[in-house]
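Q: Sharing a structure, written as structure tokens. Questions coming.
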Amino acid sequence: MKEQYHREITVKALNDYFRSDVLETVIAANLGQDALRYQINHDHFHYDSNSFAAGDAYCEEQRHSVITAIKNSDALPARESLGRLTHTVQDLYAHSNYVALWRELHPQASPDEIDPELTTLLSDLRLHSGKLYYPLEALSFITALKPYVLPLLPRDSHAWMNIDEPARPDFYFAFTAAVKRTESEYLRIAAQLSTREVAFLTGNEK
């Protein structure tokens with residue numbers, strides 16, 4: 001998912017819960033997951049190359065980090081962990097065929113109807129995500145070169161599978177799934193915190 005859509009998804013999901021400047025901290029950590037240093041040997045940050053178990057473990061680690069930091073009255077690392085968590089779960093829908101599998105079950109459904117956490121699909125053996133075929137894959141990140149590189153890459157590559165902009169098939173399904181999952185992750189964490197701790201996390205303490 002491109003940076004502007006990670007931002008839009010996070011704002012749409014969390015704007016009603018967070019003070020605006022605090023939300024910017026969450027967003028900065030979210031976008032930081034796409035730093036160049038995380039593009040190699042960090043597949044679990046993005047659910048790339050079928051790293052579902054590792055991605056799930058990473059998400060659980062970030063959830064735990066949010067709660068631990070807040071209970072230690074340390075807001076900044078909590079917000080940064082939430083940002084990292086939201087990026088990873090958002091990428092699940094942009095980098096895998098989850099949406100395609102869901103649409104097979106609901107061919108007439110609209111994007112607003114998508115269920116981002118359907119257990120049967122999350123454990124479906126057909127679920128897979130794009131593989132990164134370096135070094136050729138790296139050239140696909142350059143917009144001017146992508147049309148020339150794409151035909152040279154396998155269909156299970158990140159470049160072919162990534163639903164990163166509205167021109168890609170099923171973009172609005174992936175976008176909506178990511179919004180719903182982002183809000184769900186926040187609410188799951190908030191349910192484990194006191195009212196005071198939630199206010200501390202979101203910047204809404206009085």
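Residues are referred to by chain and number: the chain letter is A, B, ... according to the order shown in the structure tokens, the number counts from 1 in that chain, and ligands are numbered separately from 1 in the order shown.
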Would you mind listing what lies within 9 Å of stretch 119-127 of chain A as a list in words, with only C-alpha atoms counted and same-chain residues fewer than 3 positions away left out?
A: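 Here the qualifying residues turn out to be Asn50, Phe52, Ser96, Asn97, Tyr98, Leu101 and Trp102 of chain A.
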Q: Those residues you just picked out, can you put them in a file as an mmCIF file, in the first residue's frame with all heavy atoms?
A:
data_model
loop_
_atom_site.group_PDB
_atom_site.id
_atom_site.type_symbol
_atom_site.label_atom_id
_atom_site.label_comp_id
_atom_site.auth_asym_id
_atom_site.auth_seq_id
_atom_site.Cartn_x
_atom_site.Cartn_y
_atom_site.Cartn_z
ATOM 1 N N ASN A 50 4.548 -14.943 2.079
ATOM 2 C CA ASN A 50 3.796 -15.931 2.871
ATOM 3 C C ASN A 50 4.238 -15.995 4.335
ATOM 4 O O ASN A 50 4.119 -17.046 4.983
ATOM 5 C CB ASN A 50 3.899 -17.320 2.235
ATOM 6 C CG ASN A 50 3.322 -17.355 0.836
ATOM 7 O OD1 ASN A 50 2.266 -16.786 0.587
ATOM 8 N ND2 ASN A 50 4.023 -17.984 -0.087
ATOM 9 N N PHE A 52 2.994 -15.442 7.127
ATOM 10 C CA PHE A 52 1.795 -15.219 7.939
ATOM 11 C C PHE A 52 2.029 -15.500 9.420
ATOM 12 O O PHE A 52 1.605 -14.716 10.279
ATOM 13 C CB PHE A 52 0.633 -16.052 7.402
ATOM 14 C CG PHE A 52 0.229 -15.675 6.005
ATOM 15 C CD1 PHE A 52 0.456 -16.534 4.944
ATOM 16 C CD2 PHE A 52 -0.343 -14.445 5.744
ATOM 17 C CE1 PHE A 52 0.109 -16.169 3.650
ATOM 18 C CE2 PHE A 52 -0.697 -14.067 4.460
ATOM 19 C CZ PHE A 52 -0.471 -14.943 3.404
ATOM 20 N N SER A 96 -1.716 -9.645 0.006
ATOM 21 C CA SER A 96 -2.122 -11.047 -0.112
ATOM 22 C C SER A 96 -3.378 -11.180 -0.974
ATOM 23 O O SER A 96 -3.939 -10.183 -1.435
ATOM 24 C CB SER A 96 -2.384 -11.646 1.278
ATOM 25 O OG SER A 96 -3.654 -11.237 1.769
ATOM 26 N N ASN A 97 -3.824 -12.417 -1.121
ATOM 27 C CA ASN A 97 -5.052 -12.669 -1.883
ATOM 28 C C ASN A 97 -6.261 -12.844 -0.965
ATOM 29 O O ASN A 97 -7.271 -13.423 -1.367
ATOM 30 C CB ASN A 97 -4.886 -13.903 -2.775
ATOM 31 C CG ASN A 97 -4.715 -15.194 -1.982
ATOM 32 O OD1 ASN A 97 -4.213 -15.178 -0.844
ATOM 33 N ND2 ASN A 97 -5.089 -16.318 -2.574
ATOM 34 N N TYR A 98 -6.178 -12.323 0.262
ATOM 35 C CA TYR A 98 -7.306 -12.417 1.193
ATOM 36 C C TYR A 98 -8.578 -11.857 0.555
ATOM 37 O O TYR A 98 -9.645 -12.475 0.608
ATOM 38 C CB TYR A 98 -7.003 -11.669 2.496
ATOM 39 C CG TYR A 98 -8.150 -11.725 3.494
ATOM 40 C CD1 TYR A 98 -8.182 -12.688 4.485
ATOM 41 C CD2 TYR A 98 -9.211 -10.809 3.423
ATOM 42 C CE1 TYR A 98 -9.245 -12.751 5.398
ATOM 43 C CE2 TYR A 98 -10.264 -10.863 4.319
ATOM 44 C CZ TYR A 98 -10.279 -11.842 5.297
ATOM 45 O OH TYR A 98 -11.347 -11.901 6.183
ATOM 46 N N LEU A 101 -10.069 -14.116 -2.086
ATOM 47 C CA LEU A 101 -10.733 -15.283 -1.498
ATOM 48 C C LEU A 101 -12.072 -14.889 -0.888
ATOM 49 O O LEU A 101 -13.062 -15.622 -1.011
ATOM 50 C CB LEU A 101 -9.833 -15.907 -0.429
ATOM 51 C CG LEU A 101 -8.535 -16.545 -0.928
ATOM 52 C CD1 LEU A 101 -7.685 -17.008 0.254
ATOM 53 C CD2 LEU A 101 -8.818 -17.715 -1.869
ATOM 54 N N TRP A 102 -12.115 -13.731 -0.232
ATOM 55 C CA TRP A 102 -13.373 -13.273 0.359
ATOM 56 C C TRP A 102 -14.409 -12.988 -0.727
ATOM 57 O O TRP A 102 -15.578 -13.327 -0.580
ATOM 58 C CB TRP A 102 -13.133 -12.020 1.204
ATOM 59 C CG TRP A 102 -14.352 -11.619 1.999
ATOM 60 C CD1 TRP A 102 -14.713 -12.063 3.239
ATOM 61 C CD2 TRP A 102 -15.376 -10.709 1.583
ATOM 62 N NE1 TRP A 102 -15.898 -11.486 3.628
ATOM 63 C CE2 TRP A 102 -16.329 -10.649 2.630
ATOM 64 C CE3 TRP A 102 -15.587 -9.936 0.444
ATOM 65 C CZ2 TRP A 102 -17.471 -9.843 2.551
ATOM 66 C CZ3 TRP A 102 -16.721 -9.140 0.368
ATOM 67 C CH2 TRP A 102 -17.654 -9.096 1.423
#
Q: Please provide the set of residues having any atom within 7 Å of stretch 54-66 of chain A, restricted to only C-alpha atoms, with same-chain residues fewer than 5 positions apart removed, written as a compact mmCIF listing (two decimals) with N, CA, C and O atoms, in the first residue's frame.
A:
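Written file, selection13.txt:
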# COMPACT_ATOMS: atom_id res chain seq x y z
N HIS A 44 7.99 -10.11 7.48
CA HIS A 44 6.91 -10.18 8.47
C HIS A 44 6.33 -8.81 8.80
O HIS A 44 5.22 -8.72 9.31
N PHE A 45 7.05 -7.73 8.50
CA PHE A 45 6.52 -6.39 8.71
C PHE A 45 5.36 -6.10 7.75
O PHE A 45 4.56 -5.21 8.00
N TYR A 47 3.72 -8.92 5.84
CA TYR A 47 3.10 -10.19 5.46
C TYR A 47 3.54 -10.62 4.06
O TYR A 47 2.79 -11.30 3.36
N ALA A 78 4.36 3.45 23.20
CA ALA A 78 3.06 2.80 23.00
C ALA A 78 2.45 3.23 21.67
O ALA A 78 1.95 2.41 20.90
N ARG A 79 2.49 4.50 21.40
CA ARG A 79 1.92 5.02 20.15
C ARG A 79 2.72 4.54 18.94
O ARG A 79 2.14 4.25 17.89
N SER A 81 4.42 1.71 18.78
CA SER A 81 4.09 0.29 18.59
C SER A 81 2.75 0.15 17.90
O SER A 81 2.57 -0.72 17.03
N LEU A 82 1.80 0.99 18.26
CA LEU A 82 0.49 0.96 17.60
C LEU A 82 0.64 1.29 16.11
O LEU A 82 0.00 0.67 15.26
N LEU A 85 2.05 -1.74 14.37
CA LEU A 85 1.00 -2.75 14.29
C LEU A 85 0.02 -2.44 13.16
O LEU A 85 -0.33 -3.32 12.35
N ILE A 189 -7.05 -3.41 21.87
CA ILE A 189 -6.09 -2.92 22.86
C ILE A 189 -6.79 -2.10 23.93
O ILE A 189 -6.56 -2.27 25.14
Q: Contacts of A:Ser140 at 12 Å or less, counting only C-alpha atoms, minus same-chain residues fewer than 2 places along, as a PDB file with C-alpha atoms, in the first residue's frame?
A:
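Now in result-v2.pdb:
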ATOM      1  CA  LEU A 132       9.941 -10.436  -3.430  1.00  0.00           C
ATOM      2  CA  TYR A 133      12.117 -11.543  -6.331  1.00  0.00           C
ATOM      3  CA  TYR A 134      15.211  -9.435  -5.804  1.00  0.00           C
ATOM      4  CA  PRO A 135      17.086  -7.834  -7.436  1.00  0.00           C
ATOM      5  CA  LEU A 136      14.595  -7.494 -10.311  1.00  0.00           C
ATOM      6  CA  GLU A 137      11.721  -6.771  -7.916  1.00  0.00           C
ATOM      7  CA  ALA A 138      13.497  -3.649  -6.669  1.00  0.00           C
ATOM      8  CA  ILE A 142      10.503   2.787  -9.728  1.00  0.00           C
ATOM      9  CA  THR A 143       7.296   3.995 -11.388  1.00  0.00           C
ATOM     10  CA  ALA A 144       8.870   4.660 -14.795  1.00  0.00           C
ATOM     11  CA  LEU A 145      10.404   1.176 -14.937  1.00  0.00           C
ATOM     12  CA  LYS A 146       7.510  -0.852 -13.547  1.00  0.00           C
ATOM     13  CA  PRO A 147       5.716  -1.403 -16.907  1.00  0.00           C
ATOM     14  CA  TYR A 148       8.909  -2.909 -18.316  1.00  0.00           C
ATOM     15  CA  VAL A 149       9.821  -4.983 -15.269  1.00  0.00           C
ATOM     16  CA  LEU A 150       6.363  -6.362 -14.471  1.00  0.00           C
ATOM     17  CA  PRO A 151       6.171  -8.810 -17.432  1.00  0.00           C
ATOM     18  CA  LEU A 152       9.485 -10.308 -16.326  1.00  0.00           C
ATOM     19  CA  LEU A 153       8.270 -11.164 -12.836  1.00  0.00           C
ATOM     20  CA  SER A 157       5.532 -11.644  -7.043  1.00  0.00           C
ATOM     21  CA  HIS A 158       4.930  -8.638  -4.807  1.00  0.00           C
ATOM     22  CA  ALA A 159       4.782  -6.390  -7.864  1.00  0.00           C
ATOM     23  CA  TRP A 160       1.879  -8.338  -9.377  1.00  0.00           C
ATOM     24  CA  ASN A 162       0.337  -5.610  -4.318  1.00  0.00           C
TER      25      ASN A 162
END
Q: Neighbouring residues of A:Ala178 were defined as those with any atom within 7 Å, considering only C-alpha atoms; residues of the same chain fewer than 5 positions away were excluded. Please report them as a list in words.
A: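 So, after excluding close chain neighbours, the residues are Ile9, Val89, Gln90 and Tyr93 of chain A.
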Q: Generate the output file for the selected residues, C-alpha atoms, as a PDB file, in the first residue's frame.
A:
ATOM      1  CA  ILE A   9      -6.598   4.329   6.271  1.00  0.00           C
ATOM      2  CA  VAL A  89      -2.255  -5.448   9.490  1.00  0.00           C
ATOM      3  CA  GLN A  90      -3.054  -2.990   6.707  1.00  0.00           C
ATOM      4  CA  TYR A  93      -4.993  -7.006   2.660  1.00  0.00           C
TER       5      TYR A  93
END
Q: In Å to one decimal, how far is atom CA of A:Thr195 from atom CA of A:Ala75?
A: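 These two atoms are separated by 14.6 Å.
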Q: Please indicate the distance in Å from atom CA of A:Arg84 to atom CA of A:Leu23, rounded to one decimal place.
A: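 About the pair atom CA of A:Arg84 and atom CA of A:Leu23: they are 12.8 Å apart.
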Q: Just to confirm, what's the straight-line distance from atom CA of A:Arg103 to atom CA of A:Glu183 in Å (one decimal)?
A: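 Going from atom CA of A:Arg103 over to atom CA of A:Glu183, I get 21.6 Å.
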Q: Rank nothing, just name the residue among A:Gly203, A:Gly130, A:Gly83, A:Pro77 nearest to A:Arg155, using only C-alpha atoms.
A: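 Of A:Gly203, A:Gly130, A:Gly83, A:Pro77, the one nearest A:Arg155, counting only C-alpha atoms, is A:Gly130.
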Q: Which parts of stretch 16-110 of chain A does DSSP call alpha helix (DSSP H) when run on the backbone here, written out as a PyMOL selection string?
A: chain A and resi 20-32+52-71+75-95+98-105
Q: Give me the residues near A:Thr86 as a short mmCIF file (atom, residue, chain, number, x, y, z; two decimals) with N, CA and C atoms, in the first residue's frame, where near means some atom within 8 Å (using only C-alpha atoms) and where sequence neighbours in that chain fewer than 5 positions away do not count.
A:
data_model
loop_
_atom_site.label_atom_id
_atom_site.label_comp_id
_atom_site.auth_asym_id
_atom_site.auth_seq_id
_atom_site.Cartn_x
_atom_site.Cartn_y
_atom_site.Cartn_z
N THR A 10 -5.34 4.97 8.23
CA THR A 10 -5.14 5.18 9.67
C THR A 10 -5.98 6.34 10.19
N ASN A 30 3.76 4.19 11.59
CA ASN A 30 3.17 3.35 10.56
C ASN A 30 3.97 3.48 9.26
N THR A 182 -7.80 -1.93 11.30
CA THR A 182 -7.07 -0.94 12.09
C THR A 182 -7.90 -0.51 13.29
N GLU A 185 -8.10 -3.37 15.81
CA GLU A 185 -6.88 -3.54 16.60
C GLU A 185 -6.84 -2.53 17.75
#
Q: Give me the residues near stretch 190-193 of chain A as a list in words, where near means some atom within 10 Å (using only C-alpha atoms) and where sequence neighbours in that chain fewer than 6 positions away do not count.
A: Val66, Ile67, Ile70, Lys71, Ser184, Ala199, Leu201 and Thr202 of chain A
Q: Rank nothing, just name the residue among A:Glu197, A:Glu117, A:Glu165, A:Glu205 nearest to A:Glu8, using only C-alpha atoms.
A: A:Glu165
